[in-house]
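Shown here: structure_9.cif, mmCIF, C-alpha atoms.
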```cif
data_work
#
loop_
_atom_site.group_PDB
_atom_site.id
_atom_site.type_symbol
_atom_site.label_atom_id
_atom_site.label_comp_id
_atom_site.auth_asym_id
_atom_site.auth_seq_id
_atom_site.Cartn_x
_atom_site.Cartn_y
_atom_site.Cartn_z
ATOM 1 C CA MET A 135 -4.472 181.998 -20.908
ATOM 2 C CA ALA A 136 -4.322 185.385 -19.155
ATOM 3 C CA HIS A 137 -4.007 185.372 -15.444
ATOM 4 C CA THR A 138 -6.755 187.308 -13.674
ATOM 5 C CA VAL A 139 -5.772 189.182 -10.526
ATOM 6 C CA THR A 140 -8.514 189.199 -7.986
ATOM 7 C CA VAL A 141 -9.074 191.917 -5.415
ATOM 8 C CA ALA A 142 -8.015 189.574 -2.638
ATOM 9 C CA GLU A 143 -4.559 189.120 -4.236
ATOM 10 C CA ARG A 144 -3.750 192.856 -4.428
ATOM 11 C CA PRO A 145 -1.493 194.068 -1.535
ATOM 12 C CA ARG A 146 -3.318 196.254 0.927
ATOM 13 C CA ARG A 147 -1.767 199.560 1.901
ATOM 14 C CA ARG A 148 -2.383 201.275 5.226
ATOM 15 C CA PRO A 149 -4.139 204.622 4.695
ATOM 16 C CA ARG A 150 -1.618 207.442 5.102
ATOM 17 C CA THR A 151 -4.250 209.964 6.086
ATOM 18 C CA ALA A 152 -4.870 208.240 9.423
ATOM 19 C CA LEU A 153 -1.161 208.398 10.307
ATOM 20 C CA VAL A 154 -0.985 212.123 9.608
ATOM 21 C CA VAL A 155 -4.067 212.908 11.664
ATOM 22 C CA ILE A 156 -2.818 210.927 14.648
ATOM 23 C CA GLY A 157 0.857 211.866 14.338
ATOM 24 C CA VAL A 158 0.566 215.648 14.128
ATOM 25 C CA PRO A 159 -1.129 216.185 17.506
ATOM 26 C CA VAL A 160 1.473 213.961 19.197
ATOM 27 C CA VAL A 161 4.330 216.002 17.693
ATOM 28 C CA VAL A 162 2.679 219.310 18.636
ATOM 29 C CA ILE A 163 2.104 218.175 22.213
ATOM 30 C CA GLY A 164 5.705 216.993 22.487
ATOM 31 C CA VAL A 165 7.150 220.288 21.234
ATOM 32 C CA THR A 166 4.796 222.346 23.404
ATOM 33 C CA ALA A 167 5.744 220.385 26.513
ATOM 34 C CA ALA A 168 9.457 220.752 25.732
ATOM 35 C CA PHE A 169 9.118 224.537 25.730
ATOM 36 C CA GLY A 170 7.039 224.643 28.912
ATOM 37 C CA GLY A 171 3.665 225.331 27.298
ATOM 38 C CA LEU A 172 1.905 222.637 29.293
ATOM 39 C CA ARG A 173 3.137 223.817 32.659
ATOM 40 C CA ALA A 174 0.681 225.370 35.063
ATOM 41 C CA ALA A 175 0.618 229.148 35.004
ATOM 42 C CA PRO A 176 2.533 230.674 37.947
ATOM 43 C CA THR A 177 0.370 231.767 40.835
ATOM 44 C CA GLY A 178 0.930 233.983 43.820
ATOM 45 C CA PRO A 179 2.877 237.231 44.155
ATOM 46 C CA ALA A 180 5.750 237.996 41.810
ATOM 47 C CA LYS A 181 9.299 238.012 43.195
ATOM 48 C CA THR A 182 10.542 241.536 42.588
ATOM 49 C CA ALA A 183 14.097 242.874 42.640
ATOM 50 C CA VAL A 184 15.208 245.644 44.975
ATOM 51 C CA GLY A 185 14.787 248.992 43.240
ATOM 52 C CA ARG A 186 12.023 247.833 40.893
ATOM 53 C CA PRO A 187 8.662 249.678 41.119
ATOM 54 C CA ILE A 188 5.647 247.738 42.414
ATOM 55 C CA ASP A 189 2.129 248.716 41.352
ATOM 56 C CA GLN A 190 -0.306 248.372 44.264
ATOM 57 C CA GLY A 191 -3.162 250.320 42.673
ATOM 58 C CA PRO A 192 -3.193 253.782 44.294
ATOM 59 C CA PHE A 193 0.571 253.610 44.993
ATOM 60 C CA THR A 194 3.735 252.800 43.127
ATOM 61 C CA VAL A 195 6.314 251.566 45.639
ATOM 62 C CA THR A 196 10.045 250.981 45.183
ATOM 63 C CA ALA A 197 11.872 249.239 48.031
ATOM 64 C CA LEU A 198 15.282 250.904 48.383
ATOM 65 C CA ASN A 199 17.164 249.551 51.416
ATOM 66 C CA ALA A 200 16.892 248.044 54.885
ATOM 67 C CA ARG A 201 18.903 248.540 58.065
ATOM 68 C CA THR A 202 18.772 248.006 61.809
ATOM 69 C CA ALA A 203 19.053 251.007 64.106
ATOM 70 C CA ASP A 204 18.338 252.206 67.614
ATOM 71 C CA VAL A 205 15.420 254.597 67.138
ATOM 72 C CA LYS A 206 15.159 257.487 69.609
ATOM 73 C CA GLN A 207 11.964 257.668 71.649
ATOM 74 C CA PHE A 208 10.208 260.619 73.283
ATOM 75 C CA SER A 209 10.866 258.938 76.615
ATOM 76 C CA GLY A 210 12.882 255.942 77.617
ATOM 77 C CA PRO A 211 15.824 254.268 75.905
ATOM 78 C CA PRO A 212 16.119 253.986 72.110
ATOM 79 C CA LYS A 213 14.153 251.141 70.511
ATOM 80 C CA HIS A 214 16.151 248.610 68.504
ATOM 81 C CA SER A 215 14.356 248.426 65.156
ATOM 82 C CA LEU A 216 14.355 247.272 61.559
ATOM 83 C CA ILE A 217 13.911 250.192 59.159
ATOM 84 C CA VAL A 218 13.014 249.732 55.492
ATOM 85 C CA THR A 219 13.078 252.786 53.235
ATOM 86 C CA ALA A 220 10.737 252.760 50.230
ATOM 87 C CA ARG A 221 10.063 255.415 47.597
ATOM 88 C CA VAL A 222 6.284 255.878 47.366
ATOM 89 C CA VAL A 223 4.316 257.725 44.691
ATOM 90 C CA ASN A 224 0.613 258.309 45.281
ATOM 91 C CA THR A 225 -0.887 257.746 41.814
ATOM 92 C CA SER A 226 -4.487 258.319 42.938
ATOM 93 C CA ALA A 227 -6.390 261.618 42.950
ATOM 94 C CA LYS A 228 -6.571 262.005 46.760
ATOM 95 C CA SER A 229 -4.198 262.312 49.692
ATOM 96 C CA TRP A 230 -3.599 259.378 52.026
ATOM 97 C CA GLY A 231 -2.143 259.053 55.501
ATOM 98 C CA ILE A 232 1.048 257.057 55.996
ATOM 99 C CA VAL A 233 -0.811 254.825 58.480
ATOM 100 C CA THR A 234 -3.391 253.938 55.798
ATOM 101 C CA PHE A 235 -0.589 253.109 53.344
ATOM 102 C CA LEU A 236 0.943 250.741 55.912
ATOM 103 C CA GLY A 237 -2.148 248.520 55.612
ATOM 104 C CA GLY A 238 -0.856 247.278 52.252
ATOM 105 C CA VAL A 239 2.688 246.343 53.303
ATOM 106 C CA VAL A 240 3.897 243.708 55.769
ATOM 107 C CA ALA A 241 7.171 242.037 56.651
ATOM 108 C CA GLU A 242 7.392 238.261 56.209
ATOM 109 C CA PRO A 243 9.935 236.976 58.760
ATOM 110 C CA LYS A 244 8.990 233.376 57.902
ATOM 111 C CA PRO A 245 6.996 232.010 54.938
ATOM 112 C CA GLY A 246 3.307 232.550 55.661
ATOM 113 C CA ARG A 247 3.903 234.638 58.805
ATOM 114 C CA TYR A 248 3.425 238.407 58.543
ATOM 115 C CA ALA A 249 4.198 241.391 60.762
ATOM 116 C CA ASP A 250 2.690 244.878 60.512
ATOM 117 C CA ALA A 251 4.951 247.923 60.651
ATOM 118 C CA ASP A 252 4.794 250.135 63.737
ATOM 119 C CA PRO A 253 2.352 252.980 62.874
ATOM 120 C CA MET A 254 3.882 255.244 65.549
ATOM 121 C CA ASP A 255 7.497 255.074 64.350
ATOM 122 C CA SER A 256 6.877 254.713 60.585
ATOM 123 C CA ILE A 257 7.034 258.094 58.868
ATOM 124 C CA GLY A 258 7.366 259.814 55.506
ATOM 125 C CA MET A 259 10.422 261.903 54.658
ATOM 126 C CA ILE A 260 10.671 264.614 51.991
ATOM 127 C CA SER A 261 13.575 267.043 51.644
ATOM 128 C CA GLY A 262 14.725 266.116 55.147
ATOM 129 C CA ALA A 263 11.374 266.940 56.754
ATOM 130 C CA LYS A 264 8.948 264.454 58.288
ATOM 131 C CA THR A 265 5.397 264.089 57.010
ATOM 132 C CA SER A 266 2.441 261.817 57.764
ATOM 133 C CA ASP A 267 0.706 262.383 54.398
ATOM 134 C CA LEU A 268 1.040 261.032 50.868
ATOM 135 C CA HIS A 269 -0.138 263.631 48.380
ATOM 136 C CA PRO A 270 -0.979 262.876 44.720
ATOM 137 C CA ARG A 271 2.043 262.573 42.377
ATOM 138 C CA LEU A 272 4.496 263.749 45.036
ATOM 139 C CA PRO A 273 7.248 261.123 45.534
ATOM 140 C CA LEU A 274 8.545 260.720 49.059
ATOM 141 C CA ASP A 275 10.524 258.208 51.069
ATOM 142 C CA VAL A 276 8.610 256.237 53.658
ATOM 143 C CA GLN A 277 10.479 254.639 56.543
ATOM 144 C CA LEU A 278 8.680 251.489 57.620
ATOM 145 C CA VAL A 279 9.718 250.446 61.122
ATOM 146 C CA TRP A 280 9.474 247.137 62.995
ATOM 147 C CA ALA A 281 10.636 246.718 66.616
ATOM 148 C CA LEU A 282 13.302 244.038 67.113
ATOM 149 C CA PRO A 283 14.619 242.293 70.219
ATOM 150 C CA ALA A 284 17.800 243.940 71.495
ATOM 151 C CA GLY A 285 20.874 242.727 69.625
ATOM 152 C CA THR A 286 18.873 241.149 66.784
ATOM 153 C CA ASN A 287 20.261 241.868 63.317
ATOM 154 C CA PRO A 288 18.613 239.793 60.556
ATOM 155 C CA GLY A 289 20.637 239.241 57.401
ATOM 156 C CA ASP A 290 17.706 240.085 55.163
ATOM 157 C CA VAL A 291 14.018 240.930 55.237
ATOM 158 C CA THR A 292 11.171 240.052 52.885
ATOM 159 C CA LEU A 293 8.390 242.561 52.313
ATOM 160 C CA ALA A 294 5.001 241.499 50.933
ATOM 161 C CA PHE A 295 2.851 244.086 49.135
ATOM 162 C CA ARG A 296 -0.918 243.697 49.015
ATOM 163 C CA LYS A 297 -2.992 244.613 45.963
ATOM 164 C CA TRP A 298 -5.523 247.385 46.584
ATOM 165 C CA THR A 299 -8.904 247.110 44.860
ATOM 166 C CA TYR A 300 -11.115 249.869 43.493
ATOM 167 C CA GLY A 301 -14.852 249.551 44.039
ATOM 168 C CA GLN A 302 -18.043 250.897 45.497
ATOM 169 C CA SER A 303 -18.477 251.333 49.233
ATOM 170 C CA PHE A 304 -20.853 248.991 51.079
ATOM 171 C CA THR A 305 -22.393 251.908 52.951
ATOM 172 C CA ASN A 306 -22.813 254.581 50.233
ATOM 173 C CA ASP A 307 -22.463 255.236 46.501
ATOM 174 C CA THR A 308 -18.841 256.397 46.583
ATOM 175 C CA PHE A 309 -16.005 254.532 44.868
ATOM 176 C CA ASP A 310 -12.554 254.279 46.422
ATOM 177 C CA TRP A 311 -9.413 252.164 46.868
ATOM 178 C CA THR A 312 -9.409 249.655 49.735
ATOM 179 C CA VAL A 313 -7.094 247.007 51.163
ATOM 180 C CA THR A 314 -7.563 244.462 53.955
ATOM 181 C CA LYS A 315 -5.577 241.687 55.605
ATOM 182 C CA GLN A 316 -7.366 239.278 53.257
ATOM 183 C CA SER A 317 -6.245 241.157 50.120
ATOM 184 C CA PRO A 318 -3.941 239.077 47.873
ATOM 185 C CA PHE A 319 -0.260 239.905 47.626
ATOM 186 C CA THR A 320 0.848 241.366 44.313
ATOM 187 C CA ALA A 321 4.623 241.225 44.881
ATOM 188 C CA LYS A 322 7.361 240.322 47.346
ATOM 189 C CA VAL A 323 10.891 241.667 47.584
ATOM 190 C CA THR A 324 13.812 240.521 49.742
ATOM 191 C CA LEU A 325 16.309 243.157 50.865
ATOM 192 C CA PRO A 326 19.697 242.709 52.559
ATOM 193 C CA VAL A 327 19.794 244.347 55.985
ATOM 194 C CA ARG A 328 22.658 246.648 56.948
ATOM 195 C CA ALA A 329 23.405 246.393 60.665
ATOM 196 C CA GLY A 330 24.721 248.882 63.194
ATOM 197 C CA ALA A 331 23.193 252.137 61.911
ATOM 198 C CA ARG A 332 21.782 254.849 64.151
ATOM 199 C CA SER A 333 18.553 256.803 63.716
#
```

Please rewrite the model in this file as structure tokens.
Amino acid sequence: MAHTVTVAERPRRRPRTALVVIGVPVVVIGVTAAFGGLRAAPTGPAKTAVGRPIDQGPFTVTALNARTADVKQFSGPPKHSLIVTARVVNTSAKSWGIVTFLGGVVAEPKPGRYADADPMDSIGMISGAKTSDLHPRLPLDVQLVWALPAGTNPGDVTLAFRKWTYGQSFTNDTFDWTVTKQSPFTAKVTLPVRAGARS
């Protein structure tokens, strides 16, 4: 007599489709995490090397060097100062004053603490002559100056560059570049400071 195999006696196999559907996402997530794809995107200003151009909007700025020096004054003794030289190119269609440019650059002596450059001693230099203006597409070196206590010679200095924004004025229909103390920083660069120079 033939033996009849019932459905209950047949071995049950686990559906392979379910394993593939569940397994693939796990593998993809694991590989992505291994290569850093699940990490949070970096925020804040980029750390930039000395000599690398920084795009601020209306200006392209390249930090060149930093030094301490005793800066001559019109009256009184020389002022001990930190001097940072930066190559600045005005990429906008209008001329700017050096003092206006200074609004987008600060020194950061400690993380989160910022110091404005001295607008009286900071000056532009082109072909050995001083200038207080930044004209379109004319590269010049700007000396940014900060007063220091006598005998102070920091080993390095960090500069933070703010991002200018282009938009319409609140008071009229004109459009222009602006920067404020609340503007976000686009880049920071740390320069070694050479001590003992004279200016």

Answer key for the PyMOL selection byres ((chain A and resi 272) around 9), residues as a list in words: Val222, Val223, Asn224, Thr225, Leu268, His269, Pro270, Arg271, Pro273 and Leu274 of chain A

Matched chain/residue IDs from the PyMOL selection byres ((chain A and resi 287) around 8), as a PyMOL selection string: chain A and resi 202+285-286+288-289+327+329

Proximity to Ser266 in chain A - best of A:Gly231, A:Gly191, A:Pro243, A:Gly237, all atoms listed in the file: A:Gly231

Residue contacts of Gly178 in chain A (9 Å, all atoms listed in the file) excluding same-chain residues fewer than 3 positions away, as a VMD selection string: chain A and resid 318 to 321

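Rounded to one decimal, CA of Asp275 in chain A and CA of Asp310 in chain A lie 23.9 Å from each other.
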
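Evaluating the PyMOL selection byres ((chain A and resi 313) around 7) against the shown model yields A:Gly237, A:Gly238, A:Trp298, A:Thr299, A:Thr312, A:Thr314, A:Ser317.
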
Coordinates-based distance that separates CA of Gln316 in chain A from CA of Thr265 in chain A (Å, one decimal): 28.2 Å

Surrounding residues of Val239 in chain A excluding itself and chain neighbours under 2 positions, 6 Å, all atoms listed in the file, as a list of chain:residue names: A:Leu236, A:Gly237, A:Ala294, A:Phe295

Would you put the residues from that selection into a file with C-alpha atoms, as a PDB file, in the frame of the given file?
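Produced file part_39.pdb, reproduced below:
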```
ATOM      1  CA  LEU A 236       0.943 250.741  55.912  1.00  0.00           C
ATOM      2  CA  GLY A 237      -2.148 248.520  55.612  1.00  0.00           C
ATOM      3  CA  ALA A 294       5.001 241.499  50.933  1.00  0.00           C
ATOM      4  CA  PHE A 295       2.851 244.086  49.135  1.00  0.00           C
TER       5      PHE A 295
END
```

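If you measure from each of A:Leu278, A:Ala263, A:Ala220, A:Leu293 to Arg247 in chain A using all atoms listed in the file, the closest one turns out to be A:Leu293.
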
Long-range neighbours of Lys244 in chain A as a PyMOL selection string, 12 Å cut-off, only C-alpha atoms, 4 positions minimum in chain: chain A and resi 240+248-249+288+290-294+324

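Proximity of A:Ala281, A:Ala180, A:Ala197, A:Met259 to Pro212 in chain A, computed with all atoms listed in the file, is greatest for A:Ala281.
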
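The interatomic distance for the pair CA of Leu216 in chain A and CA of Val279 in chain A works out to 5.6 Å.
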
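If all atoms listed in the file are the atoms counted, then among A:Met254, A:Val184, A:Ala227, A:Ile232 the closest residue to Phe208 in chain A is A:Met254.
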
Ref. answer, residues at most 7 Å from (3.0, 248.4, 47.4) with only C-alpha atoms, as a PyMOL selection string: chain A and resi 188-190+193-195+238-239+295-296
